[in-house]
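A short write-up of the structure that comes next.
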Amino acid sequence: MRLVDAILTHENADLDALASLAAAKKLYPNAVALAPRRLNRNGRDFLTLYGEPFDFTPQDQAPRRRFKRVLLVDTQTLPSARGIADAPTIHIVDHHPLARALDEHTTFSGGDVGATTTLLVEALRERNVALTRLEATLFALGIYEDTGSLTYSSTTARDLQAVAYLVEHGASFDLIGEFLRQPLAADQRALYNQLLRRVTLQEIGGQTILLGAVRVQDYVQEISTLAHQLMTLYDPNALFLLVQMRNEIQLVARSKSEAIDVADIARAFGGGGHPTAAAALIHSRGLKTQQKKLLQLLAEHIKPRTTVHDIMSYGVRVLAPSDTIAHAAEQARRWGHEGFPVVAKKKLVGVLTRREIDRALHHKLQKQPVARFMSEPLSVTPTDSIEQLQRVMMEHSLGQLPVVEQGNIVGIVTRTDLLKLYSETARPARNAEFVARLERALPRDVLLLVRNAARLARELGFSTYLVGGFVRDLIIGQANLDIDIVVEGDAIQLAQRLADQYGGRVHTHARFGTAKWIFQDEKLHLDFATARTEFYEYPSALPDVERSSIKLDLHRRDFTINALALCLDPERYGALLDPYGGEFDLQRGIIRVLHNLSFIEDPTRILRAVRFEQRFGFTIEARTAQLIDDARNLLEKVSGQRLRNELELFFNEAEPERALARLQELGVLEKIQASLQADAWLAQKFSQLRAGYTPTPVLYLGVLAYRLRTSEARALAKRLKLTNGESEILVQVVTLRLLERQLNTANLAPSRVVELLERFDDAALAVFAIASESEQAASYVDRYRAEWRAVQSDLTGSDLKKLGLTPGPRFKEILQALRAQRLDGKIASRTEEEYFVRALLEGD
């Protein structure tokens with residue numbers, strides 16, 4: 001708003017309103033700043049002592065001209081004032097969220113800050129408007145009062161920056177302290193004591209609410225000051241005070257919980273504010289009626305934004321009362337737990353902590369039952385608020401609690417879950433974004449099946465998630481229809497129910513809790529896996545597997561970029577689970593392992609790290625590279641089948657030579673076979689292989705083995721557990737390389753070429769044609785494969801019988817001679833073949 005006639009704020013103005021009025025006057029010096037008729041005590045006292053320099057105009061002294069352009073500060077409602085035109089143009093500057101629809105004559109500017117004064121100080125700073133020390137002090141007072149001296153949760157960095165700017169311009173902390181620490185007046189003390197007798201603490205929606213409703217005869221100022229003191233004294237999640245004064249009721253509300261937006265409640269009474277502080281002036285004498293309305297509104301509005309359900313883990317491990325302390329200690333070591341629920345007949349009977357386990361072991365009581373050491377059966381429910389969880393943990397000094405629903409243990413929630421909740425970077429919900437991505441990425445029929453699977457899972461009480469590579473590629477925009485769905489529940493049961501309802505068949509793997517649902521004549525399938533965690537008895541072993549939660553399922557994965565999940569539950573559809581910063585690592589192009597023992601537990605992850613690095617053009621971060629170096633020797637203990645599977649995945653990449661070269665750079669390739677080389681020669685030959693053929697793993701392996709000795713090729717085949725046929729191909733490739741000198745001769749007779757090559761497998765010949773450095777030899781192989789090996793004589797063994805020849809070794813010799821004559825172009829017809837045979841027989 002470039003031109004302003006008048007500046008107004010709300011009645012019962014506090015220091016933020018008063019400071020905003022003064023700051024706006026600095027911005028628009030030609031406008032009339034109309035002082036509110038009523039000020040709170042701090043504002044009134046400040047103006048009494050220091051108000052002379054501030055150019056405020058009392059309402060009754062306003063000029064008689066009509067104000068057509070009005071600036072409202074710290075309020076969104078135009079107060080009654082002298083001189084306001086019938087339909088003025090209004091601009092609102094307020095730190096509270098916009099609470100009403102704007103007409104064509106009204107505009108709004110606000111910000112996510114703790115005080116309106118902050119917004120106006122930012123404007124003053126931008127325009128480089130000079131400030132006096134007293135002005136800077138008043139503006140700082142306005143910010144301090146509305147942010148609780150910068151302690152309210154609504155305080156932002158911008159508020160602090162504004163205060164710092166004001167301090168630089170001489171704001172006096174002595175004066176600020178004088179007005180912020182004033183003692184209560186007599187009427188405030190009387191009201192405060194009355195509230196102390198009448199307030200009650202209530203649990204609503206898992207939140208502790210302090211409620212008070214009282215009547216006083218005379219008007220009392222600064223109820224907000226009393227609210228602040230009551231919040232400090234009782235420490236509730238939120239406070240609501242109803243104070244009836246004559247024909248009006250003042251509502252004052254404060255909140256320190258994200259689950260309670262007090263501005264929403266105040267708006268229902270005609271007031272407003274922001275989520276942590278709000279007020280309303282209710283024109284009514286019915287205190288009990290308003291109190292009842294308030295309770296109804298609280299019950300409707302207070303719903304925890306985050307509940308135990310959102311952070312808990314499923315698949316909890318439990319102990320029986322009769323289990324020994326030794327067994328409990330072994331389970332704690334195996335799974336890294338800080339304690340266990342103790343269950344008898346499916347009911348929670350106690351909790352055993354790691355602390356009690358350690359104490360029992362210290363006293364050599366390892367053979368005693370856990371029942372002697374467990375504590376009372378404390379628990380929470382999935383719908384409990386995070387605040388309720390925190391209270392129980394703090395009151396009983398527990399690091400974890402069982403989650404019980406309808407008498408049954410359904411999960412566990414730990415202090416680590418809470419720490420992750422509060423340490424995660426605050427990000428807005430992006431469900432709609434990922435839902436849109438899913439709709440673009442999946443064919444309509446596949447997406448429908450996924451949604452139906454999620455719906456049926458919820459009916460069974462399960463949760464479902466898209467996980468791993470599909471979510472990773474969805475984020476970076478790469479096509480991937482390899483859909484894996486993790487089930488918090490029984491994946492096999494879900495797949496079988498889907499087949500019962502929609503048809504198809506199911507393949508299951510009971511040990512790992514996995515199932516493949518195949519339908520539409522084998523054209524479509526979905527892979528389901530029960531959420532699980534893994535334990536490795538020793539390095540490079542196959543893991544022991546137990547049912548678990550999505551969080552622990554993600555924790556067992558290899559890299560942060562693969563530890564991603566997308567919730568499919570209808571009520572949380574599209575919610576991204578990213579507990580390890582995988583999306584950020586995708587943005588940075590980083591391959592980062594999840595935990596320090598990852599490569600020790602499964603050394604094949606080393607190969608995966610390189611494969612993903614080269615596929616996406618990423619970089620293995622320094623710590624992960626160090627862990628690879630520490631663990632690479634363990635590849636020697638990995639089974640050949642697992643190594644072969646990983647190498648075949650390499651060969652499915654667009655340019656596997658890059659990944660092999662990186663393995664060599666990291667000192668890993670030599671741990672597979674010491675003589676293997678991944679150099680420029682290999683890169684060139686792999687490229688030629690792709691240009692001339694549809695490459696297969698055995699062709700790639702053949703090129704890789706081409707420069708080995710025969711014994712080394714056999715050792716490589718044995719190490720990778722190749723089949724007899726595949727092993728023979730690798731050996732033949734080496735043998736062909738040794739024949740290269742014989743084939744590198746001009747004008748070899750075709751029959752001689754056939755004699756040299758016909759014992760070799762076609763795959764070995766294809767590798768040789770690519771890998772050989774002799775153009776002549778490669779040309780012979782190409783002619784053999786394309787023409788010469790198909791050449792046969794017209795005469796057969798039956799024809800030789802007719803010519804009077806007795807079957808025997810001579811048969812083979814004659815047929816071979818006939819074929820050689822055909823190959824070398826010396827015979828071209830059946831008649832010539834018969835003549836050649838007769839000549840041979842006459843010679844005999």
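Here's how to read the names in the structure tokens: chain A, B, ... by the order shown, residue numbers from 1 in each chain, ligand numbers from 1 in the order shown.
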
Tell me which protein, DNA and RNA residues are within 12 Å of Arg838 in chain A, counting only C-alpha atoms, leaving out same-chain ones fewer than 4 positions away, and put them as a short mmCIF file (atom, residue, chain, number, x, y, z; two decimals) with all heavy atoms, in the first residue's frame.
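Output (out_0.cif):
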```
data_model
loop_
_atom_site.label_atom_id
_atom_site.label_comp_id
_atom_site.auth_asym_id
_atom_site.auth_seq_id
_atom_site.Cartn_x
_atom_site.Cartn_y
_atom_site.Cartn_z
N ASP A 799 23.71 -93.84 -49.06
CA ASP A 799 24.19 -93.79 -50.45
C ASP A 799 25.47 -94.59 -50.59
O ASP A 799 25.69 -95.26 -51.63
CB ASP A 799 24.45 -92.34 -50.86
CG ASP A 799 23.17 -91.53 -50.88
OD1 ASP A 799 22.13 -92.05 -51.33
OD2 ASP A 799 23.21 -90.34 -50.45
N LEU A 800 26.33 -94.56 -49.60
CA LEU A 800 27.58 -95.32 -49.67
C LEU A 800 27.30 -96.82 -49.69
O LEU A 800 28.02 -97.60 -50.36
CB LEU A 800 28.47 -94.97 -48.48
CG LEU A 800 29.01 -93.52 -48.43
CD1 LEU A 800 29.91 -93.33 -47.23
CD2 LEU A 800 29.75 -93.18 -49.72
N LYS A 802 24.70 -98.21 -51.04
CA LYS A 802 24.23 -98.51 -52.40
C LYS A 802 25.39 -98.62 -53.38
O LYS A 802 25.30 -99.30 -54.41
CB LYS A 802 23.25 -97.45 -52.87
CG LYS A 802 21.94 -97.46 -52.10
CD LYS A 802 21.03 -96.33 -52.56
CE LYS A 802 19.73 -96.30 -51.75
NZ LYS A 802 18.86 -95.18 -52.17
N LEU A 803 26.46 -97.88 -53.04
CA LEU A 803 27.62 -97.94 -53.91
C LEU A 803 28.50 -99.16 -53.61
O LEU A 803 29.57 -99.32 -54.19
CB LEU A 803 28.45 -96.66 -53.75
CG LEU A 803 27.79 -95.38 -54.30
CD1 LEU A 803 28.62 -94.16 -53.93
CD2 LEU A 803 27.64 -95.47 -55.82
N GLY A 804 28.01 -100.03 -52.69
CA GLY A 804 28.69 -101.27 -52.40
C GLY A 804 29.68 -101.22 -51.28
O GLY A 804 30.46 -102.15 -51.08
N LEU A 805 29.64 -100.11 -50.47
CA LEU A 805 30.60 -99.97 -49.40
C LEU A 805 30.04 -100.58 -48.13
O LEU A 805 28.89 -100.35 -47.78
CB LEU A 805 30.93 -98.48 -49.17
CG LEU A 805 32.15 -98.18 -48.31
CD1 LEU A 805 33.43 -98.70 -48.97
CD2 LEU A 805 32.27 -96.67 -48.09
N ILE A 814 35.33 -91.26 -45.54
CA ILE A 814 34.86 -90.84 -46.87
C ILE A 814 33.94 -89.64 -46.77
O ILE A 814 34.06 -88.68 -47.54
CB ILE A 814 34.15 -92.02 -47.57
CG1 ILE A 814 35.17 -93.13 -47.88
CG2 ILE A 814 33.44 -91.56 -48.83
CD1 ILE A 814 34.56 -94.40 -48.43
N LEU A 818 34.50 -86.04 -48.42
CA LEU A 818 33.49 -85.41 -49.29
C LEU A 818 33.19 -83.99 -48.81
O LEU A 818 33.11 -83.05 -49.61
CB LEU A 818 32.20 -86.23 -49.29
CG LEU A 818 32.17 -87.47 -50.18
CD1 LEU A 818 30.89 -88.27 -49.94
CD2 LEU A 818 32.25 -87.05 -51.66
N THR A 831 26.72 -85.66 -58.53
CA THR A 831 27.40 -86.51 -59.51
C THR A 831 28.90 -86.52 -59.27
O THR A 831 29.56 -87.56 -59.29
CB THR A 831 27.10 -86.01 -60.93
OG1 THR A 831 25.69 -86.04 -61.15
CG2 THR A 831 27.80 -86.88 -61.98
N GLU A 832 29.44 -85.29 -58.97
CA GLU A 832 30.88 -85.21 -58.71
C GLU A 832 31.24 -85.95 -57.41
O GLU A 832 32.32 -86.53 -57.30
CB GLU A 832 31.30 -83.75 -58.62
CG GLU A 832 31.24 -83.04 -59.98
CD GLU A 832 31.59 -81.57 -59.87
OE1 GLU A 832 31.64 -81.05 -58.71
OE2 GLU A 832 31.81 -80.93 -60.90
N GLU A 833 30.33 -85.91 -56.43
CA GLU A 833 30.59 -86.65 -55.19
C GLU A 833 30.65 -88.15 -55.47
O GLU A 833 31.52 -88.86 -54.94
CB GLU A 833 29.50 -86.34 -54.16
CG GLU A 833 29.60 -84.97 -53.54
CD GLU A 833 28.59 -84.76 -52.43
OE1 GLU A 833 27.92 -85.75 -52.06
OE2 GLU A 833 28.47 -83.63 -51.92
N GLU A 834 29.70 -88.66 -56.28
CA GLU A 834 29.71 -90.10 -56.61
C GLU A 834 30.98 -90.47 -57.35
O GLU A 834 31.59 -91.52 -57.08
CB GLU A 834 28.48 -90.43 -57.46
CG GLU A 834 27.16 -90.33 -56.68
CD GLU A 834 25.96 -90.55 -57.57
OE1 GLU A 834 26.16 -90.60 -58.80
OE2 GLU A 834 24.84 -90.68 -57.03
N GLU A 842 38.24 -97.26 -56.10
CA GLU A 842 39.16 -97.89 -57.05
C GLU A 842 40.61 -97.83 -56.54
O GLU A 842 41.41 -98.74 -56.75
CB GLU A 842 39.06 -97.18 -58.41
CG GLU A 842 37.75 -97.46 -59.12
CD GLU A 842 37.62 -96.62 -60.39
OE1 GLU A 842 38.58 -95.86 -60.68
OE2 GLU A 842 36.58 -96.72 -61.05
N GLY A 843 40.91 -96.74 -55.84
CA GLY A 843 42.25 -96.60 -55.28
C GLY A 843 42.52 -97.60 -54.18
O GLY A 843 43.67 -97.98 -53.93
N ASP A 844 41.43 -97.96 -53.46
CA ASP A 844 41.60 -98.97 -52.41
C ASP A 844 41.91 -100.34 -53.02
O ASP A 844 42.45 -101.22 -52.37
CB ASP A 844 40.34 -99.06 -51.56
CG ASP A 844 40.14 -97.80 -50.70
OD1 ASP A 844 41.11 -97.04 -50.54
OD2 ASP A 844 39.02 -97.57 -50.21
#
```

task = Pull the alpha helix (DSSP H) assignments for range 704-744 of chain A out of DSSP run on the backbone, and list those residues as a VMD selection string.
result = chain A and resid 704 to 705 710 to 719 724 to 743

ask   = Quick one: residues within 8 Å of range 710-715 of chain A, only C-alpha atoms counted, chain neighbours fewer than 2 positions away excluded, as a PyMOL selection string?
value = chain A and resi 675+705+708+717-719+727+730-731+734-735

request  = May I have the residues within 12 Å of range 139-141 of chain A as an MDAnalysis selection string, using only C-alpha atoms and disregarding those fewer than 6 positions away in the same chain?
outcome  = chainID A and resid 14:24 26 42:43 46 115:122 124 131:133 147:150 159:181

task = May I have the residues within 12 Å of range 502-504 of chain A as a ChimeraX atom specification, using only C-alpha atoms and disregarding those fewer than 4 positions away in the same chain?
result = /A:448-449,452-453,456,494-498,516-526

Selection export as a CSV table (one decimal), in the first residue's frame, atoms kept: N, CA and C atoms:
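Output file out00.csv is given in full below:
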```
chain,number,residue,atom,x,y,z
A,448,LEU,N,-4.3,-50.3,-9.9
A,448,LEU,CA,-5.6,-50.7,-9.3
A,448,LEU,C,-5.4,-52.0,-8.4
A,449,LEU,N,-4.5,-52.9,-8.9
A,449,LEU,CA,-4.3,-54.1,-8.1
A,449,LEU,C,-3.5,-53.8,-6.8
A,452,ASN,N,-6.0,-52.3,-4.4
A,452,ASN,CA,-6.9,-53.3,-3.9
A,452,ASN,C,-6.1,-54.2,-2.9
A,453,ALA,N,-4.8,-54.5,-3.1
A,453,ALA,CA,-4.1,-55.2,-2.2
A,453,ALA,C,-3.9,-54.5,-0.8
A,456,LEU,N,-7.4,-54.6,1.0
A,456,LEU,CA,-7.6,-55.9,1.6
A,456,LEU,C,-6.7,-56.1,2.8
A,494,LEU,N,-1.9,-62.6,3.0
A,494,LEU,CA,-2.5,-61.5,2.2
A,494,LEU,C,-2.5,-62.0,0.7
A,495,ALA,N,-1.4,-62.6,0.2
A,495,ALA,CA,-1.3,-63.0,-1.2
A,495,ALA,C,-2.4,-64.1,-1.5
A,496,GLN,N,-2.6,-65.0,-0.5
A,496,GLN,CA,-3.6,-66.0,-0.7
A,496,GLN,C,-5.0,-65.5,-0.7
A,497,ARG,N,-5.2,-64.5,0.1
A,497,ARG,CA,-6.6,-63.9,0.1
A,497,ARG,C,-6.8,-63.1,-1.2
A,498,LEU,N,-5.8,-62.5,-1.7
A,498,LEU,CA,-5.9,-61.8,-3.0
A,498,LEU,C,-6.2,-62.8,-4.1
A,516,LYS,N,4.6,-64.6,-4.1
A,516,LYS,CA,4.4,-63.9,-5.4
A,516,LYS,C,3.0,-64.3,-5.9
A,517,TRP,N,2.3,-63.2,-6.1
A,517,TRP,CA,0.9,-63.4,-6.6
A,517,TRP,C,0.9,-63.2,-8.2
A,518,ILE,N,0.6,-64.3,-8.9
A,518,ILE,CA,0.7,-64.3,-10.3
A,518,ILE,C,-0.7,-64.3,-10.9
A,519,PHE,N,-1.0,-63.5,-11.9
A,519,PHE,CA,-2.4,-63.5,-12.5
A,519,PHE,C,-2.3,-63.0,-13.9
A,520,GLN,N,-3.5,-62.9,-14.5
A,520,GLN,CA,-3.6,-62.6,-15.9
A,520,GLN,C,-2.7,-63.4,-16.8
A,521,ASP,N,-2.9,-64.7,-16.7
A,521,ASP,CA,-2.1,-65.6,-17.6
A,521,ASP,C,-0.6,-65.3,-17.5
A,522,GLU,N,-0.1,-65.2,-16.3
A,522,GLU,CA,1.4,-65.0,-16.1
A,522,GLU,C,1.9,-63.6,-16.5
A,523,LYS,N,1.0,-62.7,-17.0
A,523,LYS,CA,1.5,-61.4,-17.5
A,523,LYS,C,1.8,-60.4,-16.4
A,524,LEU,N,1.1,-60.6,-15.3
A,524,LEU,CA,1.3,-59.6,-14.2
A,524,LEU,C,1.6,-60.4,-12.9
A,525,HIS,N,2.4,-59.8,-12.0
A,525,HIS,CA,2.6,-60.4,-10.7
A,525,HIS,C,3.0,-59.3,-9.7
A,526,LEU,N,2.7,-59.5,-8.5
A,526,LEU,CA,3.1,-58.7,-7.4
A,526,LEU,C,3.9,-59.5,-6.3
```

inquiry  = Using only C-alpha atoms, can you tell me which of A:Ala491, A:Ala268, A:Ala631, A:Ala263 comes closest to Arg532 in chain A?
reply    = A:Ala491

Which residues of range 142-175 of chain A come within 10 Å of range 248-257 of chain A, and for each one, what is the closest pair of atoms and their distance in Å to one decimal, counting only C-alpha atoms, sorted by chain and residue number, as a tab-separated table?
```
residue	atom	partner	partner_atom	distance
A:Tyr152	CA	A:Lys256	CA	7.7
A:Ser153	CA	A:Lys256	CA	6.6
A:Ser154	CA	A:Lys256	CA	9.0
```

Same residues, N, CA and C atoms, saved as a PDB file, in the first residue's frame:
```
ATOM      1  N   TYR A 152       8.200 -18.720  23.072  1.00  0.00           N
ATOM      2  CA  TYR A 152       7.035 -19.444  22.578  1.00  0.00           C
ATOM      3  C   TYR A 152       7.418 -20.240  21.331  1.00  0.00           C
ATOM      4  N   SER A 153       6.705 -21.334  21.118  1.00  0.00           N
ATOM      5  CA  SER A 153       7.011 -22.178  19.956  1.00  0.00           C
ATOM      6  C   SER A 153       6.708 -21.484  18.636  1.00  0.00           C
ATOM      7  N   SER A 154       5.910 -20.395  18.680  1.00  0.00           N
ATOM      8  CA  SER A 154       5.608 -19.652  17.451  1.00  0.00           C
ATOM      9  C   SER A 154       6.735 -18.694  17.080  1.00  0.00           C
TER      10      SER A 154
END
```

ask   = Among range 232-452 of chain A, which ones does DSSP place in strand (DSSP E or B), written as a VMD selection string?
value = chain A and resid 238 to 245 248 to 255 272 to 274 277 to 282 307 313 to 314 319 324 339 to 344 347 to 353 369 375 380 385 400 to 405 408 to 414

task = Skip His396 in chain A itself and residues of its chain fewer than 6 positions away, then list as a ChimeraX atom specification all residues within 12 Å of it, counting only C-alpha atoms.
result = /A:351,353,375-379,389-390

Kindly save the residues from that selection, with N, CA and C atoms included, as a CSV table (one decimal), in the first residue's frame.
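So out-v5.csv came out as:
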```csv
chain,number,residue,atom,x,y,z
A,351,VAL,N,7.5,-56.0,32.4
A,351,VAL,CA,8.5,-55.5,31.5
A,351,VAL,C,9.8,-55.8,32.1
A,353,THR,N,13.8,-54.8,31.8
A,353,THR,CA,14.7,-53.9,31.1
A,353,THR,C,16.1,-54.5,31.1
A,375,SER,N,9.3,-55.6,35.9
A,375,SER,CA,8.6,-54.5,36.6
A,375,SER,C,7.1,-54.7,36.2
A,376,GLU,N,6.3,-53.7,36.7
A,376,GLU,CA,4.8,-53.8,36.4
A,376,GLU,C,4.5,-53.7,34.9
A,377,PRO,N,3.4,-54.2,34.5
A,377,PRO,CA,3.1,-54.3,33.1
A,377,PRO,C,2.6,-52.9,32.5
A,378,LEU,N,3.5,-52.0,32.4
A,378,LEU,CA,3.2,-50.7,31.8
A,378,LEU,C,3.1,-50.8,30.3
A,379,SER,N,2.2,-50.0,29.7
A,379,SER,CA,2.0,-50.0,28.3
A,379,SER,C,1.3,-48.8,27.8
A,389,LEU,N,3.0,-40.8,25.8
A,389,LEU,CA,4.1,-41.7,25.7
A,389,LEU,C,5.3,-41.1,26.5
A,390,GLN,N,5.6,-39.9,26.3
A,390,GLN,CA,6.7,-39.2,27.0
A,390,GLN,C,6.4,-39.2,28.5
```

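For Glu775 in chain A, the non-local neighbours within 12 Å, defined as residues at least 2 positions apart in the same chain or in other chains and counting only C-alpha atoms, are A:Glu740, A:Arg741, A:Leu743, A:Asn744, A:Thr745, A:Ala746, A:Phe768, A:Ala769, A:Ile770, A:Ala771, A:Ser772, A:Glu773, A:Ala777, A:Ala778, A:Ser779, A:Tyr780, A:Val781, A:Asp782.
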
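In this model, the gap between CA of Leu348 in chain A and CA of Glu387 in chain A comes to 22.6 Å.
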
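Here the question is which of A:Arg505, A:Arg69, A:Arg44, A:Lys685 gets nearest to Arg2 in chain A using only C-alpha atoms, and that residue is A:Arg69.
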
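Among the candidates A:Leu699, A:Leu365, A:Ala238, A:Leu298, the one nearest to Ala763 in chain A when counting only C-alpha atoms is A:Leu699.
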
query = Of the residues A:Gly212, A:Gly114, A:Gly339, A:Pro697, which is the one nearest to Gln290 in chain A, using only C-alpha atoms?
reply = A:Gly212

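Considering the residues A:Ile412, A:Val316, A:Met231, A:Leu211 and counting only C-alpha atoms, Leu295 in chain A has its shortest atom-to-atom contact with A:Leu211.
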
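Put simply, CA of Ile357 in chain A is 19.7 Å away from CA of Thr416 in chain A.
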